[in-house]
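Asker: Sending over final-v6.txt (compact mmCIF, C-alpha atoms and all ligand atoms).
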```txt
# COMPACT_ATOMS: atom_id res chain seq x y z
CA MET R 1 -7.31 7.30 -20.80
CA THR R 2 -9.42 4.80 -18.82
CA ASP R 3 -12.61 6.04 -17.16
CA PRO R 4 -12.98 4.42 -13.69
CA ARG R 5 -16.77 4.81 -13.89
CA ASN R 6 -18.41 1.34 -13.62
CA GLN R 7 -15.00 -0.35 -13.32
CA VAL R 8 -14.87 -3.12 -10.72
CA VAL R 9 -12.19 -2.11 -8.22
CA VAL R 10 -10.92 -4.28 -5.35
CA VAL R 11 -9.28 -2.22 -2.59
CA THR R 12 -7.47 -4.11 0.17
CA GLY R 13 -6.97 -2.35 3.50
CA ALA R 14 -10.09 -0.30 2.79
CA SER R 15 -11.12 0.03 6.45
CA SER R 16 -8.92 3.05 7.21
CA GLY R 17 -6.31 5.53 5.99
CA ILE R 18 -5.21 5.44 2.37
CA GLY R 19 -7.39 2.44 1.46
CA ALA R 20 -10.59 4.08 2.77
CA ALA R 21 -9.70 7.39 1.09
CA THR R 22 -8.95 5.61 -2.21
CA ALA R 23 -12.22 3.67 -2.06
CA LEU R 24 -14.08 6.97 -1.60
CA ALA R 25 -12.16 8.55 -4.48
CA PHE R 26 -13.16 5.63 -6.74
CA GLY R 27 -16.71 5.98 -5.39
CA ARG R 28 -16.79 9.63 -6.46
CA ALA R 29 -15.67 8.44 -9.91
CA GLY R 30 -18.63 6.00 -10.02
CA ALA R 31 -16.73 2.69 -9.68
CA LYS R 32 -18.06 -0.63 -8.31
CA LEU R 33 -16.03 -1.37 -5.21
CA VAL R 34 -15.04 -4.46 -3.28
CA LEU R 35 -13.66 -3.40 0.10
CA ALA R 36 -11.43 -5.82 2.00
CA ALA R 37 -9.92 -5.74 5.50
CA ARG R 38 -10.42 -7.44 8.88
CA ARG R 39 -12.58 -4.79 10.63
CA ARG R 40 -16.11 -5.42 9.36
CA ASP R 41 -17.70 -2.38 11.08
CA ARG R 42 -15.18 -0.01 9.50
CA LEU R 43 -15.67 -1.56 6.03
CA GLU R 44 -19.43 -1.21 6.36
CA ALA R 45 -19.06 2.45 7.35
CA VAL R 46 -16.91 3.13 4.25
CA ALA R 47 -19.42 1.22 2.06
CA ARG R 48 -22.30 3.34 3.43
CA GLU R 49 -20.33 6.54 2.72
CA ILE R 50 -19.70 5.40 -0.86
CA GLU R 51 -23.32 4.48 -1.50
CA ALA R 52 -24.44 7.87 -0.09
CA LEU R 53 -22.29 9.74 -2.63
CA GLY R 54 -25.08 9.77 -5.18
CA THR R 55 -22.88 8.48 -8.01
CA SER R 56 -23.31 5.13 -9.79
CA ALA R 57 -20.92 3.64 -7.21
CA GLU R 58 -21.66 0.42 -5.34
CA ALA R 59 -19.65 -1.11 -2.51
CA LEU R 60 -19.34 -4.68 -1.28
CA PRO R 61 -17.56 -5.08 2.08
CA VAL R 62 -15.70 -8.40 2.44
CA THR R 63 -14.03 -9.36 5.71
CA ALA R 64 -10.61 -10.82 4.94
CA ASP R 65 -7.28 -11.34 6.65
CA LEU R 66 -4.81 -10.85 3.81
CA SER R 67 -2.25 -13.07 5.52
CA LYS R 68 -4.59 -16.05 4.96
CA LEU R 69 -4.82 -17.64 1.53
CA ALA R 70 -8.34 -18.98 2.15
CA ASP R 71 -9.57 -15.44 2.94
CA ILE R 72 -7.93 -14.08 -0.23
CA GLN R 73 -9.58 -16.81 -2.33
CA ALA R 74 -12.95 -16.06 -0.71
CA LEU R 75 -12.46 -12.32 -1.38
CA VAL R 76 -11.83 -12.83 -5.09
CA ALA R 77 -14.73 -15.29 -5.32
CA ALA R 78 -17.04 -12.71 -3.64
CA ALA R 79 -15.94 -10.01 -6.11
CA GLN R 80 -16.59 -12.31 -9.04
CA ALA R 81 -19.95 -13.50 -7.68
CA ARG R 82 -21.20 -9.92 -7.20
CA PHE R 83 -19.72 -8.15 -10.22
CA GLY R 84 -18.52 -10.90 -12.59
CA ARG R 85 -15.09 -9.34 -13.16
CA VAL R 86 -12.22 -7.41 -11.60
CA ASP R 87 -10.87 -4.44 -13.54
CA VAL R 88 -8.60 -2.89 -10.91
CA LEU R 89 -6.86 -4.46 -7.93
CA PHE R 90 -5.34 -2.02 -5.44
CA ASN R 91 -3.06 -4.06 -3.18
CA ASN R 92 -2.90 -1.57 -0.33
CA ALA R 93 -3.31 -3.49 2.97
CA GLY R 94 -0.19 -3.33 5.07
CA PHE R 95 1.46 -2.11 8.21
CA GLY R 96 4.91 -1.35 9.58
CA ARG R 97 6.66 -2.21 12.82
CA LEU R 98 9.53 0.24 12.99
CA ASN R 99 12.37 -0.55 15.35
CA TRP R 100 15.98 -1.77 15.46
CA LEU R 101 16.04 -5.24 13.94
CA GLU R 102 17.22 -7.03 17.10
CA GLN R 103 14.28 -5.51 19.00
CA LEU R 104 11.60 -6.70 16.57
CA ASP R 105 9.66 -9.80 17.60
CA PRO R 106 10.46 -12.58 15.10
CA VAL R 107 6.80 -13.64 14.78
CA GLN R 108 4.55 -10.65 15.60
CA ASP R 109 6.70 -7.98 13.98
CA ILE R 110 8.76 -9.68 11.26
CA ALA R 111 6.83 -12.71 9.96
CA ALA R 112 3.41 -11.06 10.41
CA GLN R 113 4.52 -7.89 8.61
CA LEU R 114 5.94 -9.71 5.60
CA ALA R 115 2.92 -12.03 5.51
CA VAL R 116 0.67 -9.06 4.72
CA ASN R 117 2.98 -6.57 3.02
CA VAL R 118 4.63 -9.07 0.65
CA LEU R 119 2.81 -12.41 0.58
CA GLY R 120 -0.60 -10.70 0.82
CA VAL R 121 0.21 -8.64 -2.27
CA ILE R 122 1.57 -11.61 -4.23
CA GLN R 123 -1.19 -14.06 -3.27
CA THR R 124 -4.03 -11.58 -3.95
CA THR R 125 -2.52 -10.80 -7.34
CA ARG R 126 -2.10 -14.53 -8.00
CA GLN R 127 -5.85 -15.04 -7.42
CA VAL R 128 -6.98 -12.07 -9.53
CA LEU R 129 -4.55 -12.53 -12.42
CA PRO R 130 -6.36 -15.46 -14.15
CA LEU R 131 -9.58 -13.37 -14.24
CA MET R 132 -7.75 -10.45 -15.79
CA MET R 133 -6.01 -12.77 -18.27
CA ALA R 134 -9.39 -14.18 -19.33
CA GLN R 135 -10.75 -10.61 -19.63
CA ARG R 136 -7.64 -9.62 -21.65
CA GLY R 137 -7.23 -6.56 -19.47
CA GLY R 138 -7.00 -5.08 -16.01
CA HIS R 139 -4.84 -2.92 -13.80
CA ILE R 140 -2.94 -4.04 -10.70
CA ILE R 141 -1.73 -1.20 -8.49
CA ASN R 142 0.63 -2.14 -5.69
CA MET R 143 1.19 0.01 -2.62
CA ALA R 144 4.91 0.43 -2.08
CA SER R 145 6.39 3.45 -0.25
CA VAL R 146 9.39 5.74 -0.39
CA ALA R 147 10.74 3.05 1.98
CA GLY R 148 10.76 0.83 -1.13
CA LEU R 149 13.30 3.16 -2.75
CA VAL R 150 15.52 4.28 0.13
CA GLY R 151 16.39 2.11 3.14
CA THR R 152 16.50 3.94 6.46
CA PRO R 153 17.35 2.76 10.01
CA THR R 154 14.48 1.15 11.98
CA TYR R 155 12.72 0.48 8.65
CA SER R 156 14.73 -2.65 7.76
CA VAL R 157 11.86 -5.17 7.64
CA TYR R 158 9.35 -2.63 6.31
CA ALA R 159 11.85 -1.60 3.59
CA ALA R 160 12.52 -5.27 2.75
CA GLY R 161 8.79 -5.69 2.13
CA LYS R 162 8.40 -2.56 0.05
CA PHE R 163 11.55 -3.26 -2.01
CA ALA R 164 10.01 -6.70 -2.64
CA VAL R 165 6.78 -5.06 -3.84
CA ARG R 166 8.85 -2.98 -6.25
CA GLY R 167 10.61 -6.05 -7.73
CA PHE R 168 7.35 -7.99 -7.90
CA SER R 169 5.60 -5.12 -9.71
CA GLU R 170 8.41 -4.62 -12.21
CA ALA R 171 8.65 -8.33 -13.12
CA LEU R 172 4.87 -8.82 -13.31
CA ARG R 173 4.48 -5.72 -15.48
CA ARG R 174 6.70 -7.39 -18.06
CA GLU R 175 4.92 -10.75 -17.69
CA ALA R 176 1.34 -9.49 -17.91
CA ALA R 177 1.62 -6.81 -20.62
CA PRO R 178 0.67 -9.13 -23.55
CA TRP R 179 -2.74 -9.73 -21.88
CA GLY R 180 -3.41 -6.00 -21.76
CA ILE R 181 -2.82 -6.02 -17.99
CA ARG R 182 -1.12 -2.98 -16.50
CA VAL R 183 0.93 -3.12 -13.32
CA SER R 184 1.81 0.01 -11.37
CA ALA R 185 3.55 0.67 -8.08
CA ILE R 186 2.94 3.78 -6.02
CA TYR R 187 5.56 5.19 -3.64
CA PRO R 188 4.09 7.77 -1.25
CA GLY R 189 6.06 9.55 1.45
CA GLY R 190 4.61 10.15 4.92
CA VAL R 191 0.80 10.17 5.27
CA PRO R 192 -0.95 10.75 8.62
CA THR R 193 -3.12 7.62 9.11
CA GLU R 194 -3.47 4.87 11.70
CA PHE R 195 -0.11 3.55 10.39
CA ALA R 196 1.92 5.41 13.04
CA GLY R 197 -0.25 3.96 15.82
CA HIS R 198 0.71 0.42 14.77
CA ALA R 199 4.38 1.17 14.08
CA GLY R 200 5.59 1.54 17.68
CA ILE R 201 8.04 4.34 16.83
CA LYS R 202 10.20 5.49 19.78
CA ARG R 203 12.56 8.26 18.72
CA LYS R 204 14.92 10.57 20.55
CA THR R 205 15.83 12.75 17.54
CA ARG R 206 13.36 15.07 15.87
CA THR R 207 13.99 13.52 12.43
CA THR R 208 10.59 13.45 10.71
CA THR R 209 9.21 14.25 7.27
CA PRO R 210 8.81 18.06 7.01
CA ALA R 211 5.15 19.12 6.97
CA TRP R 212 5.34 20.46 3.39
CA MET R 213 6.38 16.99 2.16
CA ARG R 214 3.52 15.14 3.89
CA LEU R 215 0.47 14.03 1.91
CA THR R 216 -3.08 13.43 3.06
CA ALA R 217 -4.72 10.04 2.53
CA GLU R 218 -7.17 11.83 0.21
CA GLN R 219 -4.31 13.07 -2.00
CA VAL R 220 -2.94 9.53 -2.27
CA GLY R 221 -6.44 8.22 -3.05
CA GLU R 222 -6.86 10.74 -5.88
CA ALA R 223 -3.38 9.80 -7.18
CA VAL R 224 -4.42 6.11 -7.34
CA VAL R 225 -7.56 7.00 -9.31
CA GLY R 226 -5.31 9.16 -11.51
CA LEU R 227 -3.13 6.10 -12.17
CA VAL R 228 -6.17 4.25 -13.52
CA ARG R 229 -7.04 7.21 -15.73
CA ARG R 230 -3.47 7.62 -17.02
CA PRO R 231 -1.50 4.44 -16.28
CA ARG R 232 2.16 4.75 -15.34
CA ALA R 233 4.57 2.06 -14.17
CA GLU R 234 5.71 3.99 -11.10
CA LEU R 235 4.46 7.02 -9.21
CA VAL R 236 6.58 8.63 -6.50
CA ILE R 237 4.69 11.28 -4.50
CA PRO R 238 5.32 14.00 -3.52
CA TRP R 239 7.88 14.62 -6.28
CA PRO R 240 10.86 15.67 -4.07
CA PHE R 241 11.16 12.01 -3.02
CA ARG R 242 12.12 11.21 -6.61
CA PHE R 243 15.16 13.35 -5.97
CA SER R 244 15.91 11.47 -2.68
CA ALA R 245 15.71 8.13 -4.53
CA TRP R 246 18.02 9.43 -7.23
CA VAL R 247 20.62 10.74 -4.75
CA ASN R 248 20.47 7.41 -2.87
CA GLN R 249 21.12 5.50 -6.08
CA LEU R 250 23.95 7.72 -7.26
CA TRP R 251 25.74 8.30 -3.93
CA PRO R 252 24.76 5.55 -1.46
CA GLY R 253 27.95 6.07 0.57
CA LEU R 254 27.12 9.74 1.11
CA VAL R 255 23.58 8.82 2.22
CA ASP R 256 25.04 6.20 4.64
CA TRP R 257 27.38 8.84 6.13
CA VAL R 258 24.65 11.44 6.62
CA THR R 259 22.07 8.96 7.95
CA VAL R 260 24.41 7.36 10.48
CA ARG R 261 25.52 10.77 11.82
CA ARG R 262 22.15 12.50 11.77
CA PHE R 263 19.98 9.60 12.92
CA THR R 264 21.57 6.32 14.01
CA LEU R 265 24.30 7.69 16.29
CA PRO R 266 22.12 10.24 18.12
CA GLU R 267 19.47 7.54 18.62
CA ARG R 268 21.85 4.81 19.81
CA ARG R 269 24.60 6.71 21.66
CA GLU R 270 23.41 5.62 25.11
CA GLU R 271 23.23 1.94 24.08
CA LEU R 272 26.73 2.14 22.58
CA LYS R 273 28.13 3.33 25.90
CA GLN R 274 26.81 0.25 27.75
N1 LIG R 301 0.96 6.18 6.17
C1 LIG R 301 2.08 6.30 5.50
O1 LIG R 301 2.92 7.19 5.80
C2 LIG R 301 2.37 5.41 4.32
C3 LIG R 301 3.33 5.81 3.37
C4 LIG R 301 3.60 4.99 2.28
C5 LIG R 301 2.95 3.78 2.14
N2 LIG R 301 2.03 3.40 3.08
C6 LIG R 301 1.36 2.11 2.90
O2 LIG R 301 -0.02 2.37 2.69
C7 LIG R 301 -0.78 1.21 3.03
C8 LIG R 301 -1.97 1.65 3.89
O3 LIG R 301 -1.49 2.18 5.10
P1 LIG R 301 -2.18 3.41 5.87
O4 LIG R 301 -1.16 4.43 6.06
O5 LIG R 301 -3.45 3.76 5.21
O6 LIG R 301 -2.41 2.73 7.31
P2 LIG R 301 -3.74 2.27 8.08
O7 LIG R 301 -4.69 3.40 8.22
O8 LIG R 301 -3.23 1.59 9.30
O9 LIG R 301 -4.39 1.20 7.08
C9 LIG R 301 -3.90 -0.10 6.95
C10 LIG R 301 -4.97 -0.95 6.32
O10 LIG R 301 -4.43 -2.27 6.10
C11 LIG R 301 -5.35 -3.21 6.64
N3 LIG R 301 -4.68 -4.42 7.09
C12 LIG R 301 -3.62 -4.53 7.92
N4 LIG R 301 -3.34 -5.82 8.15
C13 LIG R 301 -4.27 -6.54 7.46
C14 LIG R 301 -4.54 -7.92 7.31
N5 LIG R 301 -3.81 -8.88 7.94
N6 LIG R 301 -5.56 -8.29 6.52
C15 LIG R 301 -6.33 -7.36 5.90
N7 LIG R 301 -6.12 -6.04 6.00
C16 LIG R 301 -5.11 -5.64 6.78
C17 LIG R 301 -6.05 -2.48 7.78
O11 LIG R 301 -7.33 -3.05 8.00
P3 LIG R 301 -7.79 -3.95 9.25
O12 LIG R 301 -6.96 -3.57 10.42
O13 LIG R 301 -9.25 -3.61 9.39
O14 LIG R 301 -7.58 -5.37 8.80
C18 LIG R 301 -6.19 -1.09 7.19
O15 LIG R 301 -7.34 -1.01 6.40
C19 LIG R 301 0.18 0.25 3.71
O16 LIG R 301 0.59 -0.73 2.77
C20 LIG R 301 1.38 1.14 4.06
O17 LIG R 301 2.58 0.40 4.13
C21 LIG R 301 1.72 4.19 4.16
```
Let's see the structure in the file written out as structure tokens.
Answerer:
Amino acid sequence: MTDPRNQVVVVTGASSGIGAATALAFGRAGAKLVLAARRRDRLEAVAREIEALGTSAEALPVTADLSKLADIQALVAAAQARFGRVDVLFNNAGFGRLNWLEQLDPVQDIAAQLAVNVLGVIQTTRQVLPLMMAQRGGHIINMASVAGLVGTPTYSVYAAGKFAVRGFSEALRREAAPWGIRVSAIYPGGVPTEFAGHAGIKRKTRTTTPAWMRLTAEQVGEAVVGLVRRPRAELVIPWPFRFSAWVNQLWPGLVDWVTVRRFTLPERREELKQ
């Protein structure tokens, strides 16, 4: 059991959604937070909320574009200058652009998405890792998604990024263990946040995650704090998605058949006729 109280926790993508909710959950646990994202006003609002909690929590907002190495280096330097160490890194910043591959813009949708969702995670970890190695301890928690376990149509680039996060986390876990560094990946299902507003989803079918399988950002935030308390390599939430991942692994052909008939064909029938 690790107590997050007084731990120095860097949360990327802390200006909204899951990142903001996780920062508040760590704040309630009394952690020292470094909040990173591009929107300064939103980071400052989250920092004020944390400092008003009345716990021992502190919050340092740092403006950073996680697709830029110089910003990542400045973020880690700011964390070290203020708190002298980094105990937990939550690599959460990310976004999805969900559409048929040929309709995604090569630069704005594909390169920009992977620059944050994959390279942002790797480069931020690369900057924090030497500090954790010197400390002989730390915990890196990477935000994946159920899309990192099961590939679905219109999620090709997003899934590529989240599958990459899974591979990165698994390999690094085995690299960093001798230094007492833990690496976890978290795989949530659908969470109502600003994510959908950036994704550009245009659907004809009513295929969505049923309401009973949707999580709130607060539930994911508490699950991340729970991972620090009781570390695990992987956390798939809510649990029925573990079953989906298992079915996909055992019977991929069956999942192809169902997905194409239930989703791809109804969505693309008109285009196929042209
Ligand atoms: N919502 C879901 O259903 C769901 C499910 C599973 C996994 N996830 C993952 O959860 C993570 C958080 O998403 P969310 O749902 O909380 O969406 P969100 O509310 O849109 O939050 C995304 C966060 O990422 C930050 N971000 C995006 N691009 C950035 C960049 N270039 N540099 C720095 N920060 C950047 C945003 O901050 P700024 O815009 O201020 O920079 C924001 O704080 C993402 O990795 C997403 O893939 C989401």
Asker: Counting only C-alpha atoms, what are the residues of stretch 25-133 of chain R within 12 Å of stretch 203-217 of chain R, and for each of them which pair of atoms is the nearest and at what distance in Å, to one decimal? Sort the table by chain and rising number, as JSON lines.
Answerer:
```
{"residue": "R:Ala25", "atom": "CA", "partner": "R:Ala217", "partner_atom": "CA", "distance": 10.3}
{"residue": "R:Leu98", "atom": "CA", "partner": "R:Arg203", "partner_atom": "CA", "distance": 10.3}
{"residue": "R:Asn99", "atom": "CA", "partner": "R:Arg203", "partner_atom": "CA", "distance": 9.4}
{"residue": "R:Trp100", "atom": "CA", "partner": "R:Arg203", "partner_atom": "CA", "distance": 11.1}
```
Asker: Please produce an output containing C-alpha atoms for each residue in the selection, written as a PDB file, in the frame of the given file.
Answerer:
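In the end it all went to out.pdb:
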```pdb
ATOM      1  CA  ALA R  25     -12.160   8.550  -4.480  1.00  0.00           C
ATOM      2  CA  LEU R  98       9.530   0.240  12.990  1.00  0.00           C
ATOM      3  CA  ASN R  99      12.370  -0.550  15.350  1.00  0.00           C
ATOM      4  CA  TRP R 100      15.980  -1.770  15.460  1.00  0.00           C
TER       5      TRP R 100
END
```
Asker: So which residues touch stretch 35-52 of chain R within 8 Å, counting all atoms listed in the file, skipping near sequence neighbours fewer than 2 positions away, as a ChimeraX atom specification?
Answerer: /R:10-16,20,23-24,27-28,33,54-55,57-66,75,93
Asker: Determine the nearest neighbour of ligand LIG 301 (chain R) from the options R:Gly180, R:Gly253, R:Gly19, R:Pro4, counting only C-alpha atoms and all ligand atoms.
Answerer: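 Of R:Gly180, R:Gly253, R:Gly19, R:Pro4, the one nearest ligand LIG 301 (chain R), counting only C-alpha atoms and all ligand atoms, is R:Gly19.
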Asker: Within 12 Å of (-0.1, -3.8, -12.5), in the coordinates the file gives, what residues turn up when you count only C-alpha atoms, written out as JSON, numbers by chain?
Answerer: {"R": [87, 88, 89, 90, 91, 121, 122, 125, 126, 128, 129, 132, 137, 138, 139, 140, 141, 142, 143, 165, 166, 167, 168, 169, 170, 171, 172, 173, 174, 175, 176, 177, 179, 180, 181, 182, 183, 184, 185, 186, 224, 227, 228, 231, 232, 233, 234]}
Asker: Would you mind telling me which residue in R:Trp246, R:Phe163, R:Phe263, R:Phe95 lies nearest to ligand LIG 301 (chain R) when using all atoms listed in the file?
Answerer: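 Between R:Trp246, R:Phe163, R:Phe263, R:Phe95, the residue approaching ligand LIG 301 (chain R) most closely is R:Phe95.
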Asker: Which residue, R:Ala196, R:Val236, R:Leu250, R:Met133, has the smallest gap to R:Arg97 when you use all atoms listed in the file?
Answerer: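 Smallest distance to R:Arg97 is found for R:Ala196.
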Asker: Determine the axis-aligned bounding box of all atoms of stretch 237-243 of chain R present in the file, pad each side by 8 Å, and express its centre and edge lengths in Å to one decimal place as lines of an AutoDock Vina configuration file.
Answerer:
```
center_x = 9.9
center_y = 13.4
center_z = -4.8
size_x = 26.5
size_y = 20.5
size_z = 19.6
```
Asker: Would you pick out the contacts of stretch 144-149 of chain R at 9 Å or less, using only C-alpha atoms, so that residues sharing its chain but fewer than 2 positions from it are not included, and give the list as a ChimeraX atom specification?
Answerer: /R:92,117,142,151-152,155,158-166,185-190,236-237,241-242,244-245,248-249
Asker: Pick the closest to ligand LIG 301 (chain R) from R:Val86, R:Leu235, R:Ala81, R:Leu53: which is it, counting only C-alpha atoms and all ligand atoms?
Answerer: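 Of all the options, R:Leu235 lies closest to ligand LIG 301 (chain R).
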Asker: Quote the spacing between atom CA of R:Ala77 and atom CA of R:Gly96 in Å to one decimal place.
Answerer: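 Separating atom CA of R:Ala77 from atom CA of R:Gly96 is a distance of 28.3 Å.
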Asker: Which is closest to ligand LIG 301 (chain R) among R:Val191, R:Val118, R:Ala79, R:Val107, if we use only C-alpha atoms and all ligand atoms?
Answerer: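 Smallest separation from ligand LIG 301 (chain R) among the options: R:Val191.
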Asker: Quick one: pull the distance between atom O4 of ligand LIG 301 (chain R) and atom CA of R:Ala29, Å, one decimal.
Answerer: 21.9 Å
